[in-house]
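Colleague: model_1.txt is reproduced in full below (compact mmCIF, N, CA and C atoms).
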```txt
# COMPACT_ATOMS: atom_id res chain seq x y z
N MET A 147 9.09 13.21 -4.76
CA MET A 147 9.24 13.63 -3.40
C MET A 147 8.85 12.47 -2.47
N LYS A 148 9.72 12.14 -1.55
CA LYS A 148 9.49 11.06 -0.61
C LYS A 148 8.62 11.56 0.54
N LEU A 149 7.68 10.72 0.99
CA LEU A 149 6.80 11.10 2.09
C LEU A 149 7.54 11.11 3.42
N GLU A 150 7.16 12.06 4.27
CA GLU A 150 7.70 12.09 5.62
C GLU A 150 7.13 10.91 6.40
N ARG A 151 7.78 10.60 7.50
CA ARG A 151 7.44 9.41 8.29
C ARG A 151 5.97 9.35 8.70
N GLU A 152 5.42 10.44 9.20
CA GLU A 152 4.03 10.43 9.67
C GLU A 152 3.05 10.25 8.50
N MET A 153 3.35 10.85 7.37
CA MET A 153 2.49 10.67 6.19
C MET A 153 2.55 9.23 5.71
N MET A 154 3.75 8.64 5.73
CA MET A 154 3.93 7.26 5.30
C MET A 154 3.16 6.31 6.23
N ARG A 155 3.16 6.62 7.52
CA ARG A 155 2.46 5.78 8.48
C ARG A 155 0.97 5.72 8.16
N GLY A 156 0.42 6.83 7.69
CA GLY A 156 -1.01 6.85 7.35
C GLY A 156 -1.31 6.28 5.98
N ALA A 157 -0.50 6.61 5.00
CA ALA A 157 -0.79 6.22 3.62
C ALA A 157 -0.15 4.89 3.21
N GLY A 158 0.94 4.53 3.84
CA GLY A 158 1.68 3.33 3.45
C GLY A 158 0.86 2.05 3.45
N PRO A 159 0.12 1.75 4.53
CA PRO A 159 -0.65 0.51 4.53
C PRO A 159 -1.69 0.45 3.40
N THR A 160 -2.31 1.58 3.10
CA THR A 160 -3.29 1.60 2.00
C THR A 160 -2.60 1.33 0.67
N ALA A 161 -1.43 1.92 0.47
CA ALA A 161 -0.68 1.69 -0.77
C ALA A 161 -0.26 0.23 -0.90
N VAL A 162 0.19 -0.36 0.19
CA VAL A 162 0.59 -1.77 0.18
C VAL A 162 -0.61 -2.66 -0.11
N MET A 163 -1.73 -2.40 0.57
CA MET A 163 -2.93 -3.22 0.33
C MET A 163 -3.41 -3.08 -1.11
N HIS A 164 -3.28 -1.88 -1.68
CA HIS A 164 -3.68 -1.69 -3.08
C HIS A 164 -2.84 -2.58 -4.00
N LEU A 165 -1.53 -2.60 -3.79
CA LEU A 165 -0.68 -3.45 -4.63
C LEU A 165 -1.04 -4.92 -4.46
N LEU A 166 -1.31 -5.32 -3.23
CA LEU A 166 -1.61 -6.73 -2.97
C LEU A 166 -3.02 -7.12 -3.42
N SER A 167 -3.83 -6.15 -3.79
CA SER A 167 -5.17 -6.48 -4.28
C SER A 167 -5.11 -7.09 -5.68
N GLY A 168 -3.98 -6.92 -6.36
CA GLY A 168 -3.83 -7.48 -7.69
C GLY A 168 -3.27 -8.88 -7.69
N ASP A 169 -2.18 -9.08 -7.02
CA ASP A 169 -1.47 -10.36 -7.01
C ASP A 169 -0.71 -10.51 -5.71
N GLU A 170 -0.35 -11.74 -5.38
CA GLU A 170 0.52 -11.91 -4.22
C GLU A 170 1.93 -11.50 -4.62
N MET A 171 2.67 -10.97 -3.65
CA MET A 171 4.03 -10.50 -3.90
C MET A 171 4.90 -10.77 -2.69
N TYR A 172 6.19 -10.84 -2.92
CA TYR A 172 7.14 -10.95 -1.81
C TYR A 172 7.66 -9.55 -1.48
N GLY A 173 8.30 -9.41 -0.33
CA GLY A 173 8.67 -8.11 0.21
C GLY A 173 9.45 -7.21 -0.72
N TYR A 174 10.55 -7.69 -1.27
CA TYR A 174 11.37 -6.85 -2.14
C TYR A 174 10.57 -6.39 -3.36
N GLU A 175 9.74 -7.26 -3.88
CA GLU A 175 8.90 -6.92 -5.02
C GLU A 175 7.93 -5.77 -4.66
N ILE A 176 7.38 -5.83 -3.46
CA ILE A 176 6.48 -4.76 -3.00
C ILE A 176 7.24 -3.44 -2.91
N VAL A 177 8.43 -3.46 -2.32
CA VAL A 177 9.25 -2.25 -2.19
C VAL A 177 9.52 -1.64 -3.57
N GLU A 178 9.92 -2.48 -4.51
CA GLU A 178 10.25 -2.00 -5.87
C GLU A 178 9.03 -1.41 -6.57
N ARG A 179 7.91 -2.11 -6.50
CA ARG A 179 6.70 -1.64 -7.19
C ARG A 179 6.13 -0.38 -6.56
N LEU A 180 6.19 -0.30 -5.23
CA LEU A 180 5.71 0.92 -4.57
C LEU A 180 6.49 2.13 -5.06
N CYS A 181 7.79 2.00 -5.10
CA CYS A 181 8.63 3.12 -5.53
C CYS A 181 8.38 3.46 -7.00
N LYS A 182 8.39 2.44 -7.84
CA LYS A 182 8.24 2.65 -9.29
C LYS A 182 6.86 3.22 -9.64
N GLU A 183 5.81 2.59 -9.12
CA GLU A 183 4.46 2.98 -9.52
C GLU A 183 3.98 4.28 -8.87
N SER A 184 4.69 4.74 -7.83
CA SER A 184 4.31 6.01 -7.21
C SER A 184 5.30 7.11 -7.57
N ALA A 185 6.15 6.87 -8.55
CA ALA A 185 7.16 7.84 -8.98
C ALA A 185 8.04 8.27 -7.80
N GLY A 186 8.36 7.33 -6.91
CA GLY A 186 9.26 7.60 -5.80
C GLY A 186 8.61 8.11 -4.54
N VAL A 187 7.32 8.42 -4.58
CA VAL A 187 6.64 8.95 -3.40
C VAL A 187 6.62 7.92 -2.28
N PHE A 188 6.36 6.67 -2.62
CA PHE A 188 6.30 5.61 -1.62
C PHE A 188 7.60 4.80 -1.59
N GLU A 189 8.71 5.50 -1.61
CA GLU A 189 10.01 4.85 -1.48
C GLU A 189 10.19 4.47 -0.02
N MET A 190 10.33 3.18 0.23
CA MET A 190 10.53 2.72 1.61
C MET A 190 11.47 1.54 1.61
N GLY A 191 12.17 1.40 2.70
CA GLY A 191 13.08 0.28 2.86
C GLY A 191 12.35 -0.92 3.44
N GLN A 192 13.04 -2.02 3.43
CA GLN A 192 12.45 -3.24 3.98
C GLN A 192 12.24 -3.11 5.48
N SER A 193 13.05 -2.27 6.15
CA SER A 193 12.88 -2.07 7.59
C SER A 193 11.59 -1.33 7.92
N THR A 194 11.01 -0.66 6.94
CA THR A 194 9.70 -0.02 7.10
C THR A 194 8.60 -0.97 6.65
N LEU A 195 8.84 -1.65 5.55
CA LEU A 195 7.81 -2.51 4.97
C LEU A 195 7.47 -3.71 5.85
N TYR A 196 8.46 -4.44 6.34
CA TYR A 196 8.16 -5.68 7.04
C TYR A 196 7.36 -5.48 8.33
N PRO A 197 7.68 -4.49 9.16
CA PRO A 197 6.79 -4.26 10.31
C PRO A 197 5.36 -3.91 9.89
N MET A 198 5.24 -3.17 8.78
CA MET A 198 3.92 -2.83 8.26
C MET A 198 3.17 -4.10 7.83
N LEU A 199 3.86 -4.99 7.13
CA LEU A 199 3.24 -6.24 6.69
C LEU A 199 2.84 -7.11 7.89
N TYR A 200 3.71 -7.18 8.90
CA TYR A 200 3.39 -7.97 10.10
C TYR A 200 2.16 -7.41 10.80
N ASN A 201 2.07 -6.08 10.84
CA ASN A 201 0.91 -5.42 11.45
C ASN A 201 -0.35 -5.73 10.66
N LEU A 202 -0.28 -5.61 9.34
CA LEU A 202 -1.44 -5.91 8.50
C LEU A 202 -1.84 -7.38 8.63
N GLU A 203 -0.85 -8.24 8.73
CA GLU A 203 -1.15 -9.67 8.89
C GLU A 203 -1.79 -9.93 10.25
N GLY A 204 -1.29 -9.27 11.28
CA GLY A 204 -1.86 -9.41 12.62
C GLY A 204 -3.31 -8.98 12.70
N LYS A 205 -3.68 -8.02 11.87
CA LYS A 205 -5.06 -7.53 11.82
C LYS A 205 -5.94 -8.37 10.88
N GLY A 206 -5.34 -9.35 10.23
CA GLY A 206 -6.09 -10.21 9.32
C GLY A 206 -6.35 -9.59 7.96
N LEU A 207 -5.61 -8.54 7.62
CA LEU A 207 -5.83 -7.83 6.35
C LEU A 207 -5.00 -8.42 5.22
N VAL A 208 -3.86 -9.01 5.55
CA VAL A 208 -3.06 -9.73 4.56
C VAL A 208 -2.71 -11.09 5.15
N LYS A 209 -2.37 -12.00 4.28
CA LYS A 209 -1.98 -13.35 4.67
C LYS A 209 -0.68 -13.66 3.94
N SER A 210 0.19 -14.40 4.59
CA SER A 210 1.46 -14.74 3.95
C SER A 210 1.63 -16.25 3.87
N ARG A 211 2.49 -16.64 2.95
CA ARG A 211 2.86 -18.05 2.83
C ARG A 211 4.26 -18.11 2.25
N GLU A 212 4.94 -19.17 2.58
CA GLU A 212 6.28 -19.38 2.05
C GLU A 212 6.18 -20.24 0.81
N LYS A 213 6.93 -19.84 -0.20
CA LYS A 213 7.02 -20.70 -1.39
C LYS A 213 8.34 -20.42 -2.08
N LYS A 214 8.73 -21.35 -2.91
CA LYS A 214 9.98 -21.20 -3.64
C LYS A 214 9.77 -20.23 -4.80
N GLY A 215 10.72 -19.33 -4.95
CA GLY A 215 10.70 -18.41 -6.07
C GLY A 215 11.25 -19.07 -7.32
N ASP A 216 11.30 -18.32 -8.40
CA ASP A 216 11.82 -18.84 -9.66
C ASP A 216 13.27 -19.30 -9.55
N ASN A 217 14.01 -18.67 -8.62
CA ASN A 217 15.41 -19.03 -8.45
C ASN A 217 15.62 -20.18 -7.47
N GLY A 218 14.52 -20.75 -6.94
CA GLY A 218 14.61 -21.89 -6.03
C GLY A 218 14.71 -21.50 -4.56
N ARG A 219 14.88 -20.20 -4.28
CA ARG A 219 14.97 -19.75 -2.89
C ARG A 219 13.58 -19.59 -2.30
N LYS A 220 13.47 -19.86 -1.00
CA LYS A 220 12.19 -19.66 -0.31
C LYS A 220 11.95 -18.17 -0.12
N ARG A 221 10.73 -17.77 -0.37
CA ARG A 221 10.32 -16.38 -0.16
C ARG A 221 8.97 -16.38 0.53
N ARG A 222 8.71 -15.32 1.27
CA ARG A 222 7.40 -15.15 1.91
C ARG A 222 6.58 -14.24 1.00
N TYR A 223 5.47 -14.78 0.51
CA TYR A 223 4.57 -14.05 -0.37
C TYR A 223 3.36 -13.57 0.43
N TYR A 224 2.91 -12.37 0.13
CA TYR A 224 1.78 -11.76 0.83
C TYR A 224 0.65 -11.53 -0.16
N ARG A 225 -0.57 -11.69 0.35
CA ARG A 225 -1.76 -11.40 -0.47
C ARG A 225 -2.81 -10.76 0.42
N LEU A 226 -3.71 -10.05 -0.19
CA LEU A 226 -4.80 -9.39 0.52
C LEU A 226 -5.89 -10.41 0.85
N THR A 227 -6.45 -10.32 2.05
CA THR A 227 -7.56 -11.19 2.44
C THR A 227 -8.87 -10.51 2.09
N ALA A 228 -9.98 -11.22 2.27
CA ALA A 228 -11.31 -10.61 2.05
C ALA A 228 -11.51 -9.43 3.00
N LYS A 229 -11.08 -9.60 4.24
CA LYS A 229 -11.17 -8.51 5.21
C LYS A 229 -10.31 -7.33 4.75
N GLY A 230 -9.14 -7.62 4.20
CA GLY A 230 -8.26 -6.58 3.67
C GLY A 230 -8.89 -5.85 2.50
N SER A 231 -9.60 -6.58 1.65
CA SER A 231 -10.29 -5.95 0.51
C SER A 231 -11.35 -4.97 0.99
N ARG A 232 -12.08 -5.35 2.03
CA ARG A 232 -13.10 -4.45 2.59
C ARG A 232 -12.46 -3.21 3.21
N LYS A 233 -11.34 -3.43 3.91
CA LYS A 233 -10.63 -2.31 4.53
C LYS A 233 -10.06 -1.38 3.46
N LEU A 234 -9.53 -1.95 2.39
CA LEU A 234 -8.98 -1.15 1.30
C LEU A 234 -10.07 -0.27 0.69
N GLU A 235 -11.24 -0.83 0.47
CA GLU A 235 -12.35 -0.05 -0.10
C GLU A 235 -12.74 1.09 0.84
N ALA A 236 -12.80 0.83 2.13
CA ALA A 236 -13.12 1.87 3.12
C ALA A 236 -12.02 2.94 3.12
N ASP A 237 -10.77 2.52 3.04
CA ASP A 237 -9.65 3.47 3.01
C ASP A 237 -9.70 4.34 1.76
N ARG A 238 -10.05 3.75 0.63
CA ARG A 238 -10.16 4.53 -0.61
C ARG A 238 -11.19 5.65 -0.45
N LYS A 239 -12.30 5.33 0.17
CA LYS A 239 -13.33 6.36 0.40
C LYS A 239 -12.80 7.45 1.33
N GLN A 240 -12.11 7.05 2.39
CA GLN A 240 -11.54 8.02 3.33
C GLN A 240 -10.53 8.93 2.63
N TRP A 241 -9.62 8.33 1.86
CA TRP A 241 -8.62 9.12 1.15
C TRP A 241 -9.27 10.03 0.11
N GLY A 242 -10.31 9.54 -0.55
CA GLY A 242 -11.03 10.38 -1.52
C GLY A 242 -11.63 11.60 -0.84
N SER A 243 -12.22 11.41 0.32
CA SER A 243 -12.79 12.53 1.07
C SER A 243 -11.71 13.51 1.50
N LEU A 244 -10.58 12.99 1.96
CA LEU A 244 -9.48 13.85 2.38
C LEU A 244 -8.95 14.67 1.21
N ILE A 245 -8.72 14.01 0.08
CA ILE A 245 -8.21 14.70 -1.10
C ILE A 245 -9.21 15.74 -1.59
N ALA A 246 -10.49 15.39 -1.58
CA ALA A 246 -11.52 16.34 -2.01
C ALA A 246 -11.55 17.56 -1.09
N GLY A 247 -11.43 17.32 0.22
CA GLY A 247 -11.42 18.43 1.16
C GLY A 247 -10.22 19.33 0.98
N LEU A 248 -9.05 18.74 0.79
CA LEU A 248 -7.85 19.53 0.55
C LEU A 248 -7.94 20.30 -0.76
N SER A 249 -8.53 19.67 -1.75
CA SER A 249 -8.71 20.34 -3.04
C SER A 249 -9.67 21.52 -2.91
N ALA A 250 -10.76 21.32 -2.17
CA ALA A 250 -11.73 22.39 -1.96
C ALA A 250 -11.08 23.58 -1.24
N LEU A 251 -10.13 23.31 -0.38
CA LEU A 251 -9.41 24.38 0.33
C LEU A 251 -8.33 25.02 -0.53
N GLY A 252 -8.03 24.42 -1.67
CA GLY A 252 -6.98 24.94 -2.53
C GLY A 252 -5.59 24.43 -2.19
N VAL A 253 -5.52 23.45 -1.28
CA VAL A 253 -4.23 22.89 -0.88
C VAL A 253 -3.67 22.01 -2.00
N THR A 254 -4.55 21.25 -2.66
CA THR A 254 -4.16 20.41 -3.79
C THR A 254 -4.97 20.84 -4.99
N ARG A 255 -4.53 20.44 -6.14
CA ARG A 255 -5.24 20.77 -7.37
C ARG A 255 -5.63 19.50 -8.10
N VAL A 256 -6.68 18.86 -7.62
CA VAL A 256 -7.15 17.61 -8.23
C VAL A 256 -8.59 17.84 -8.66
N SER A 257 -8.86 17.72 -9.96
CA SER A 257 -10.23 17.96 -10.44
C SER A 257 -11.15 16.81 -10.08
N ASN A 258 -10.64 15.58 -10.10
CA ASN A 258 -11.45 14.42 -9.74
C ASN A 258 -10.65 13.59 -8.72
N PRO A 259 -10.86 13.86 -7.41
CA PRO A 259 -10.05 13.19 -6.40
C PRO A 259 -10.12 11.68 -6.45
N MET A 260 -11.25 11.10 -6.82
CA MET A 260 -11.36 9.65 -6.83
C MET A 260 -10.54 9.02 -7.94
N SER A 261 -10.17 9.79 -8.97
CA SER A 261 -9.35 9.24 -10.05
C SER A 261 -7.97 8.85 -9.55
N CYS A 262 -7.53 9.45 -8.47
CA CYS A 262 -6.22 9.12 -7.90
C CYS A 262 -6.24 7.77 -7.20
N LEU A 263 -7.42 7.29 -6.87
CA LEU A 263 -7.53 6.12 -6.00
C LEU A 263 -7.96 4.87 -6.71
N THR A 264 -8.06 4.89 -8.01
CA THR A 264 -8.51 3.69 -8.73
C THR A 264 -7.37 3.06 -9.46
```
So, in terms of structure tokens, how does the structure I just supplied come out?

Modeller:
Amino acid sequence: MKLEREMMRGAGPTAVMHLLSGDEMYGYEIVERLCKESAGVFEMGQSTLYPMLYNLEGKGLVKSREKKGDNGRKRRYYRLTAKGSRKLEADRKQWGSLIAGLSALGVTRVSNPMSCLT
């Protein structure tokens, strides 16, 4: 199930920062991995991703650089900054609290809400 626009606006940046906490990636790679690793929940186009990346970069949470890919073409690669790592950790706690609260209300059925965020 694909997230609605407002849900994506809240959860999308955290999902992107989580992916970038592992390795630097270029835009299309981020789009593909978000969709694949979330079973389609975070399916987004590049027209959604790039403004999000520019916003994260403007806040100092991610940093980008241009480099040649394996095929020789220039690509812009993004990585999480130290500030981004701190923000990601804070977001994980916030999402854990939200999931736990929804679970306590019976809205979701998650026995260990923090297991979703690691």

Colleague: I'd like to know which residues of chain A are strand (DSSP E or B) (by DSSP, run on the backbone); could you write them as a list in words?

Modeller: Met171, Tyr172, Val208, Lys209, Ser210, Arg211, Glu212, Lys213, Lys214, Lys220, Arg221, Arg222, Tyr223, Tyr224, Arg225 and Leu226 of chain A

Colleague: Just to confirm, what's the straight-line distance from atom N of Leu248 in chain A to CA of Phe188 in chain A in Å (one decimal)?

Modeller: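 Here the two named atoms are 20.3 Å from each other.
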
Colleague: Give the answer as one residue: which of A:Gly156, A:Gly206, A:Gly173, A:Gly252 has the shortest atom-to-atom distance to Gln192 in chain A, using only N, CA and C atoms?

Modeller: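 Closest residue, counting only N, CA and C atoms: A:Gly173.
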
Colleague: Could you tell me how far atom C of Glu175 in chain A lies from atom N of Thr227 in chain A, in Å and to one decimal?

Modeller: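 Those two atoms sit 16.5 Å apart.
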
Colleague: So how many Å separate atom N of Lys233 in chain A and atom N of Tyr196 in chain A, to one decimal?

Modeller: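 Atom N of Tyr196 in chain A lies 20.0 Å from atom N of Lys233 in chain A.
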
Colleague: Skipping near chain neighbours, those fewer than 3 positions away, what residues fall within 5 Å of range 209-212 of chain A using only N, CA and C atoms, listed as JSON, numbers by chain?

Modeller: {"A": [221, 222, 223, 224, 225, 227]}

Colleague: Based on the backbone DSSP call, show me all residues of range 187-216 of chain A assigned alpha helix (DSSP H), as a list in words.

Modeller: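 DSSP-assigned alpha helix (DSSP H) residues in range 187-216 of chain A: Gln192, Ser193, Thr194, Leu195, Tyr196, Pro197, Met198, Leu199, Tyr200, Asn201, Leu202, Glu203 and Gly204 of chain A.
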